[in-house]
$ cat my_file_29.pdb   # PDB, C-alpha atoms
ATOM      1  CA  MET S   1     181.529 -35.237  87.739
ATOM      2  CA  THR S   2     177.762 -35.271  88.068
ATOM      3  CA  THR S   3     174.963 -37.338  89.587
ATOM      4  CA  PRO S   4     171.228 -37.645  88.909
ATOM      5  CA  THR S   5     170.605 -35.420  91.947
ATOM      6  CA  ILE S   6     172.939 -32.701  90.692
ATOM      7  CA  GLU S   7     171.348 -32.911  87.235
ATOM      8  CA  GLN S   8     167.897 -32.518  88.785
ATOM      9  CA  ILE S   9     169.044 -29.438  90.708
ATOM     10  CA  TYR S  10     170.539 -27.905  87.545
ATOM     11  CA  HIS S  11     167.228 -28.389  85.739
ATOM     12  CA  HIS S  12     165.059 -26.711  88.389
ATOM     13  CA  PHE S  13     162.482 -24.252  87.118
ATOM     14  CA  THR S  14     159.720 -22.301  88.777
ATOM     15  CA  VAL S  15     156.211 -23.281  87.698
ATOM     16  CA  ARG S  16     153.580 -20.575  87.419
ATOM     17  CA  SER S  17     151.039 -22.457  85.316
ATOM     18  CA  TYR S  18     149.468 -25.736  86.420
ATOM     19  CA  ARG S  19     147.142 -28.384  85.016
ATOM     20  CA  ASN S  20     143.845 -28.984  86.826
ATOM     21  CA  ASP S  21     144.832 -32.530  87.804
ATOM     22  CA  PRO S  22     144.774 -33.078  91.578
ATOM     23  CA  VAL S  23     147.865 -34.137  93.479
ATOM     24  CA  PRO S  24     147.129 -37.301  95.467
ATOM     25  CA  VAL S  25     147.369 -36.857  99.244
ATOM     26  CA  GLU S  26     149.990 -39.616  99.323
ATOM     27  CA  LEU S  27     152.291 -37.563  97.073
ATOM     28  CA  VAL S  28     151.828 -34.434  99.187
ATOM     29  CA  GLU S  29     152.704 -36.488 102.265
ATOM     30  CA  GLN S  30     155.723 -37.990 100.494
ATOM     31  CA  VAL S  31     156.978 -34.524  99.500
ATOM     32  CA  VAL S  32     156.577 -33.113 103.019
ATOM     33  CA  ALA S  33     158.119 -36.247 104.571
ATOM     34  CA  ALA S  34     161.159 -35.755 102.322
ATOM     35  CA  GLY S  35     161.360 -32.185 103.633
ATOM     36  CA  GLN S  36     161.418 -33.570 107.170
ATOM     37  CA  ARG S  37     164.662 -35.378 106.391
ATOM     38  CA  ALA S  38     166.449 -32.069 105.789
ATOM     39  CA  SER S  39     168.933 -30.652 108.251
ATOM     40  CA  THR S  40     167.444 -28.920 111.292
ATOM     41  CA  SER S  41     169.127 -26.849 113.985
ATOM     42  CA  SER S  42     169.750 -28.992 117.095
ATOM     43  CA  ASN S  43     167.082 -31.383 115.745
ATOM     44  CA  LEU S  44     164.438 -29.026 117.158
ATOM     45  CA  GLN S  45     162.405 -29.166 113.927
ATOM     46  CA  THR S  46     160.906 -25.751 114.644
ATOM     47  CA  TYR S  47     158.679 -25.660 111.591
ATOM     48  CA  SER S  48     155.285 -26.872 110.489
ATOM     49  CA  VAL S  49     153.566 -27.129 107.121
ATOM     50  CA  VAL S  50     149.955 -26.301 106.324
ATOM     51  CA  ALA S  51     148.616 -27.870 103.116
ATOM     52  CA  VAL S  52     145.709 -25.980 101.546
ATOM     53  CA  THR S  53     143.695 -27.761  98.861
ATOM     54  CA  ASP S  54     140.404 -25.874  99.232
ATOM     55  CA  ALA S  55     139.988 -23.656  96.148
ATOM     56  CA  ALA S  56     138.222 -20.833  98.009
ATOM     57  CA  LYS S  57     140.928 -20.692 100.665
ATOM     58  CA  ARG S  58     143.664 -20.721  98.001
ATOM     59  CA  ALA S  59     141.887 -17.826  96.268
ATOM     60  CA  ARG S  60     141.904 -15.834  99.528
ATOM     61  CA  LEU S  61     145.584 -16.648 100.039
ATOM     62  CA  ALA S  62     146.295 -15.530  96.468
ATOM     63  CA  LYS S  63     144.620 -12.192  97.182
ATOM     64  CA  LEU S  64     146.821 -11.728 100.261
ATOM     65  CA  ALA S  65     149.886 -12.540  98.157
ATOM     66  CA  ASN S  66     149.487  -9.918  95.420
ATOM     67  CA  ASN S  67     146.900 -11.883  93.428
ATOM     68  CA  GLN S  68     149.401 -14.464  92.196
ATOM     69  CA  VAL S  69     147.358 -16.665  89.857
ATOM     70  CA  GLN S  70     149.536 -19.737  90.352
ATOM     71  CA  ILE S  71     148.203 -20.014  93.930
ATOM     72  CA  VAL S  72     144.693 -20.414  92.522
ATOM     73  CA  GLN S  73     145.793 -22.721  89.676
ATOM     74  CA  ALA S  74     147.919 -25.138  91.680
ATOM     75  CA  PRO S  75     145.856 -27.812  93.403
ATOM     76  CA  VAL S  76     147.977 -27.570  96.568
ATOM     77  CA  PHE S  77     149.443 -24.633  98.455
ATOM     78  CA  LEU S  78     151.960 -25.442 101.179
ATOM     79  CA  THR S  79     152.701 -22.848 103.827
ATOM     80  CA  TRP S  80     156.027 -23.463 105.543
ATOM     81  CA  CYS S  81     155.936 -21.934 109.017
ATOM     82  CA  ALA S  82     158.368 -21.126 111.781
ATOM     83  CA  ASP S  83     156.759 -22.971 114.679
ATOM     84  CA  PHE S  84     157.520 -22.534 118.367
ATOM     85  CA  SER S  85     154.012 -23.522 119.425
ATOM     86  CA  ARG S  86     154.805 -27.238 119.473
ATOM     87  CA  LEU S  87     158.076 -26.721 121.368
ATOM     88  CA  GLU S  88     156.301 -24.458 123.858
ATOM     89  CA  ARG S  89     153.699 -27.173 124.562
ATOM     90  CA  VAL S  90     156.435 -29.751 125.125
ATOM     91  CA  ALA S  91     158.357 -27.411 127.436
ATOM     92  CA  ARG S  92     155.241 -26.657 129.484
ATOM     93  CA  ARG S  93     154.465 -30.354 129.890
ATOM     94  CA  GLN S  94     157.942 -30.717 131.356
ATOM     95  CA  GLY S  95     157.391 -27.753 133.692
ATOM     96  CA  TYR S  96     159.475 -25.199 131.786
ATOM     97  CA  ASP S  97     158.756 -21.890 130.113
ATOM     98  CA  LEU S  98     159.968 -21.530 126.533
ATOM     99  CA  GLU S  99     162.153 -18.500 125.915
ATOM    100  CA  ALA S 100     161.986 -17.883 122.187
ATOM    101  CA  SER S 101     161.838 -14.094 121.992
ATOM    102  CA  TYR S 102     165.339 -13.679 120.575
ATOM    103  CA  VAL S 103     165.942 -12.840 116.928
ATOM    104  CA  GLU S 104     168.204 -15.888 116.819
ATOM    105  CA  SER S 105     165.252 -18.108 117.791
ATOM    106  CA  PHE S 106     163.187 -16.827 114.883
ATOM    107  CA  LEU S 107     166.118 -17.181 112.499
ATOM    108  CA  VAL S 108     166.620 -20.803 113.562
ATOM    109  CA  ALA S 109     162.944 -21.585 112.943
ATOM    110  CA  ALA S 110     162.840 -19.678 109.642
ATOM    111  CA  MET S 111     165.979 -21.447 108.433
ATOM    112  CA  ASP S 112     164.570 -24.829 109.472
ATOM    113  CA  ALA S 113     161.412 -24.096 107.467
ATOM    114  CA  ALA S 114     163.380 -22.882 104.454
ATOM    115  CA  ILE S 115     165.769 -25.826 104.434
ATOM    116  CA  ALA S 116     162.900 -28.320 104.787
ATOM    117  CA  SER S 117     160.965 -26.606 102.014
ATOM    118  CA  GLN S 118     163.915 -26.863  99.635
ATOM    119  CA  ALA S 119     164.310 -30.587 100.308
ATOM    120  CA  ALA S 120     160.571 -30.956  99.684
ATOM    121  CA  ALA S 121     160.885 -28.969  96.446
ATOM    122  CA  LEU S 122     163.566 -31.356  95.175
ATOM    123  CA  ALA S 123     161.401 -34.327  96.123
ATOM    124  CA  ALA S 124     158.403 -32.799  94.336
ATOM    125  CA  GLU S 125     160.406 -32.165  91.188
ATOM    126  CA  SER S 126     161.769 -35.709  91.248
ATOM    127  CA  LEU S 127     158.124 -36.898  91.129
ATOM    128  CA  GLY S 128     157.337 -34.708  88.108
ATOM    129  CA  LEU S 129     155.563 -32.037  90.154
ATOM    130  CA  GLY S 130     156.301 -28.337  89.870
ATOM    131  CA  ILE S 131     156.651 -25.724  92.576
ATOM    132  CA  CYS S 132     156.767 -21.966  92.957
ATOM    133  CA  TYR S 133     157.927 -20.287  96.151
ATOM    134  CA  ILE S 134     155.587 -17.532  97.341
ATOM    135  CA  GLY S 135     157.383 -15.084  99.612
ATOM    136  CA  ALA S 136     154.384 -12.755  99.400
ATOM    137  CA  ILE S 137     152.621 -14.980 101.954
ATOM    138  CA  ARG S 138     154.312 -12.581 104.399
ATOM    139  CA  ASN S 139     152.718  -9.446 102.853
ATOM    140  CA  HIS S 140     149.730  -9.596 105.207
ATOM    141  CA  PRO S 141     150.914 -11.892 107.988
ATOM    142  CA  ALA S 142     148.050 -11.324 110.441
ATOM    143  CA  GLU S 143     145.457 -12.111 107.783
ATOM    144  CA  ALA S 144     147.375 -15.182 106.575
ATOM    145  CA  ILE S 145     147.754 -16.430 110.165
ATOM    146  CA  GLU S 146     144.020 -16.043 110.735
ATOM    147  CA  LEU S 147     143.056 -17.662 107.425
ATOM    148  CA  LEU S 148     145.332 -20.642 108.059
ATOM    149  CA  GLY S 149     144.274 -20.941 111.703
ATOM    150  CA  LEU S 150     147.853 -20.783 112.952
ATOM    151  CA  PRO S 151     148.323 -20.895 116.719
ATOM    152  CA  HIS S 152     150.346 -18.444 118.816
ATOM    153  CA  ARG S 153     154.092 -18.608 118.038
ATOM    154  CA  VAL S 154     153.588 -19.884 114.470
ATOM    155  CA  PHE S 155     154.517 -17.582 111.574
ATOM    156  CA  PRO S 156     154.332 -18.222 107.808
ATOM    157  CA  VAL S 157     157.842 -18.071 106.368
ATOM    158  CA  THR S 158     157.158 -18.994 102.752
ATOM    159  CA  GLY S 159     154.462 -20.470 100.603
ATOM    160  CA  MET S 160     154.876 -23.048  97.880
ATOM    161  CA  THR S 161     152.503 -23.950  95.085
ATOM    162  CA  LEU S 162     152.501 -27.622  94.194
ATOM    163  CA  GLY S 163     151.017 -29.264  91.140
ATOM    164  CA  TRP S 164     151.504 -30.735  87.703
ATOM    165  CA  PRO S 165     153.213 -28.241  85.354
ATOM    166  CA  ASP S 166     151.106 -27.075  82.431
ATOM    167  CA  ALA S 167     154.241 -26.656  80.312
ATOM    168  CA  ALA S 168     157.987 -26.731  80.842
ATOM    169  CA  PRO S 169     159.030 -23.132  81.577
ATOM    170  CA  LEU S 170     162.450 -21.830  80.736
ATOM    171  CA  ILE S 171     165.270 -22.531  83.137
ATOM    172  CA  ARG S 172     166.392 -19.100  84.293
ATOM    173  CA  PRO S 173     170.073 -18.228  84.160
ATOM    174  CA  ARG S 174     172.160 -17.864  87.298
ATOM    175  CA  LEU S 175     175.099 -15.625  88.019
ATOM    176  CA  PRO S 176     178.488 -17.080  87.166
ATOM    177  CA  LEU S 177     179.897 -19.152  90.011
ATOM    178  CA  GLY S 178     182.750 -16.674  90.429
ATOM    179  CA  ALA S 179     180.238 -13.964  91.332
ATOM    180  CA  ILE S 180     179.094 -15.828  94.446
ATOM    181  CA  LEU S 181     181.883 -18.261  95.418
ATOM    182  CA  HIS S 182     184.811 -16.474  97.047
TER     183      HIS S 182
END

$ encode --input "my_file_29.pdb" --output "structure tokens"
Amino acid sequence: MTTPTIEQIYHHFTVRSYRNDPVPVELVEQVVAAGQRASTSSNLQTYSVVAVTDAAKRARLAKLANNQVQIVQAPVFLTWCADFSRLERVARRQGYDLEASYVESFLVAAMDAAIASQAAALAAESLGLGICYIGAIRNHPAEAIELLGLPHRVFPVTGMTLGWPDAAPLIRPRLPLGAILH
């Protein structure tokens, strides 16, 4: 049995070459809003997204991420962040101190960001957009945090290029199901 959603997932491919065409702000917002509908631990939503459309800033981010050309080519770069800054502000307004120094706290926020980014990726692909995850955004975290203007307690978990694919890349093979399902 299959569905259009399952078919879309099976046809996912990473895009590393983009057309120059801009992505309308409304589509970026729609993609990120779809990500917001993803599961989140205790509904804390401990993530934020920074959309970078400025070409010079994308070029600096590309340099920090091993000079990956797709960051420069794609008209939008989304940085998915673990974010305890917002929760800390809410806690303080209520007269509490936020205790988020545990590894578990970071894992919750990183997982929230990752899960939201995957839902956003599916939404983007359903609109004809392409994406490429950029884990190398973490190669120089202090520099990336400064460049993006991230506040205290916000850490970039993954980047994602977003744009119109230049060509349909090959769908890469996956391990047989038996190799991962036990």

$ residues_around --input "my_file_29.pdb" --residues "Arg19 (chain S)" --least-positions-apart "5" --cutoff "8 Å" --atoms "all atoms listed in the file" --output "NGL selection string"
:S and (73-74 or 163-166)

$ resolve_selection --input "my_file_29.pdb" --expression "the PyMOL selection byres ((chain S and resi 128-143) around 6)" --output "PyMOL selection string"
chain S and resi 14-15+65+124-127+144-146+158-165

$ write_last_selection --input "my_file_29.pdb" --atoms "C-alpha atoms" --output "mmCIF file, keeping the file's coordinate frame"
data_model
loop_
_atom_site.group_PDB
_atom_site.id
_atom_site.type_symbol
_atom_site.label_atom_id
_atom_site.label_comp_id
_atom_site.auth_asym_id
_atom_site.auth_seq_id
_atom_site.Cartn_x
_atom_site.Cartn_y
_atom_site.Cartn_z
ATOM 1 C CA THR S 14 159.720 -22.301 88.777
ATOM 2 C CA VAL S 15 156.211 -23.281 87.698
ATOM 3 C CA ALA S 65 149.886 -12.540 98.157
ATOM 4 C CA ALA S 124 158.403 -32.799 94.336
ATOM 5 C CA GLU S 125 160.406 -32.165 91.188
ATOM 6 C CA SER S 126 161.769 -35.709 91.248
ATOM 7 C CA LEU S 127 158.124 -36.898 91.129
ATOM 8 C CA ALA S 144 147.375 -15.182 106.575
ATOM 9 C CA ILE S 145 147.754 -16.430 110.165
ATOM 10 C CA GLU S 146 144.020 -16.043 110.735
ATOM 11 C CA THR S 158 157.158 -18.994 102.752
ATOM 12 C CA GLY S 159 154.462 -20.470 100.603
ATOM 13 C CA MET S 160 154.876 -23.048 97.880
ATOM 14 C CA THR S 161 152.503 -23.950 95.085
ATOM 15 C CA LEU S 162 152.501 -27.622 94.194
ATOM 16 C CA GLY S 163 151.017 -29.264 91.140
ATOM 17 C CA TRP S 164 151.504 -30.735 87.703
ATOM 18 C CA PRO S 165 153.213 -28.241 85.354
#

$ closest_residue --input "my_file_29.pdb" --among "S:Asp97, S:Asp112, S:Glu29, S:Glu7" --to "Ser48 (chain S)" --atoms "all atoms listed in the file"
S:Asp112

$ atom_distance --input "my_file_29.pdb" --atom1 "CA of Gln8 (chain S)" --atom2 "CA of Leu122 (chain S)"
7.8 Å

$ resolve_selection --input "my_file_29.pdb" --expression "the PyMOL selection byres ((chain S and resi 111) around 12)" --output "list in words"
Ala38, Ser39, Thr40, Ser41, Leu44, Gln45, Thr46, Tyr47, Trp80, Cys81, Ala82, Asp83, Glu104, Ser105, Phe106, Leu107, Val108, Ala109, Ala110, Asp112, Ala113, Ala114, Ile115, Ala116, Ser117, Gln118, Val157 and Thr158 of chain S

$ closest_residue --input "my_file_29.pdb" --among "S:Ala167, S:Ile180, S:Ser101, S:Ser85" --to "Pro151 (chain S)" --atoms "all atoms listed in the file"
S:Ser85

$ atom_distance --input "my_file_29.pdb" --atom1 "CA of Val49 (chain S)" --atom2 "CA of Ala120 (chain S)"
10.9 Å

$ resolve_selection --input "my_file_29.pdb" --expression "the PyMOL selection byres ((chain S and resi 170) around 12)" --output "MDAnalysis selection string"
chainID S and resid 11:16 167:169 171:173

$ decode --input "my_file_29.pdb" --residues "region 96-116 of chain S" --atoms "N, CA and C atoms" --output "JSON list (two decimals), in the first residue's frame"
[["chain", "number", "residue", "atom", "x", "y", "z"],
["S", 96, "TYR", "N", 10.97, 32.48, 37.46],
["S", 96, "TYR", "CA", 11.73, 31.25, 37.59],
["S", 96, "TYR", "C", 13.05, 31.35, 36.85],
["S", 97, "ASP", "N", 14.00, 30.55, 37.28],
["S", 97, "ASP", "CA", 15.25, 30.39, 36.55],
["S", 97, "ASP", "C", 15.14, 29.13, 35.71],
["S", 98, "LEU", "N", 15.62, 29.19, 34.48],
["S", 98, "LEU", "CA", 15.60, 28.03, 33.60],
["S", 98, "LEU", "C", 16.82, 27.19, 33.86],
["S", 99, "GLU", "N", 16.63, 25.92, 34.12],
["S", 99, "GLU", "CA", 17.74, 24.99, 34.26],
["S", 99, "GLU", "C", 17.78, 24.14, 33.01],
["S", 100, "ALA", "N", 18.72, 24.46, 32.13],
["S", 100, "ALA", "CA", 18.81, 23.75, 30.85],
["S", 100, "ALA", "C", 20.25, 23.31, 30.58],
["S", 101, "SER", "N", 21.00, 23.05, 31.64],
["S", 101, "SER", "CA", 22.42, 22.72, 31.46],
["S", 101, "SER", "C", 22.67, 21.21, 31.30],
["S", 102, "TYR", "N", 21.62, 20.43, 31.30],
["S", 102, "TYR", "CA", 21.77, 18.98, 31.16],
["S", 102, "TYR", "C", 21.93, 18.60, 29.69],
["S", 103, "VAL", "N", 22.65, 17.53, 29.44],
["S", 103, "VAL", "CA", 22.78, 17.01, 28.08],
["S", 103, "VAL", "C", 21.39, 16.70, 27.53],
["S", 104, "GLU", "N", 20.54, 16.15, 28.35],
["S", 104, "GLU", "CA", 19.17, 15.83, 27.92],
["S", 104, "GLU", "C", 18.45, 17.06, 27.39],
["S", 105, "SER", "N", 18.64, 18.21, 28.03],
["S", 105, "SER", "CA", 18.00, 19.44, 27.56],
["S", 105, "SER", "C", 18.45, 19.77, 26.14],
["S", 106, "PHE", "N", 19.75, 19.69, 25.90],
["S", 106, "PHE", "CA", 20.25, 19.98, 24.55],
["S", 106, "PHE", "C", 19.72, 18.97, 23.55],
["S", 107, "LEU", "N", 19.70, 17.70, 23.94],
["S", 107, "LEU", "CA", 19.19, 16.67, 23.02],
["S", 107, "LEU", "C", 17.73, 16.92, 22.67],
["S", 108, "VAL", "N", 16.93, 17.32, 23.63],
["S", 108, "VAL", "CA", 15.52, 17.62, 23.37],
["S", 108, "VAL", "C", 15.42, 18.74, 22.33],
["S", 109, "ALA", "N", 16.18, 19.82, 22.54],
["S", 109, "ALA", "CA", 16.13, 20.95, 21.63],
["S", 109, "ALA", "C", 16.67, 20.59, 20.25],
["S", 110, "ALA", "N", 17.76, 19.83, 20.21],
["S", 110, "ALA", "CA", 18.33, 19.42, 18.92],
["S", 110, "ALA", "C", 17.37, 18.51, 18.17],
["S", 111, "MET", "N", 16.72, 17.60, 18.88],
["S", 111, "MET", "CA", 15.75, 16.72, 18.24],
["S", 111, "MET", "C", 14.54, 17.52, 17.75],
["S", 112, "ASP", "N", 14.06, 18.46, 18.55],
["S", 112, "ASP", "CA", 12.95, 19.30, 18.10],
["S", 112, "ASP", "C", 13.31, 20.02, 16.80],
["S", 113, "ALA", "N", 14.52, 20.58, 16.75],
["S", 113, "ALA", "CA", 14.96, 21.28, 15.53],
["S", 113, "ALA", "C", 15.06, 20.32, 14.35],
["S", 114, "ALA", "N", 15.60, 19.15, 14.58],
["S", 114, "ALA", "CA", 15.77, 18.18, 13.50],
["S", 114, "ALA", "C", 14.42, 17.68, 12.98],
["S", 115, "ILE", "N", 13.52, 17.37, 13.89],
["S", 115, "ILE", "CA", 12.21, 16.88, 13.48],
["S", 115, "ILE", "C", 11.45, 17.96, 12.71],
["S", 116, "ALA", "N", 11.50, 19.19, 13.20],
["S", 116, "ALA", "CA", 10.83, 20.30, 12.50],
["S", 116, "ALA", "C", 11.44, 20.52, 11.12]]
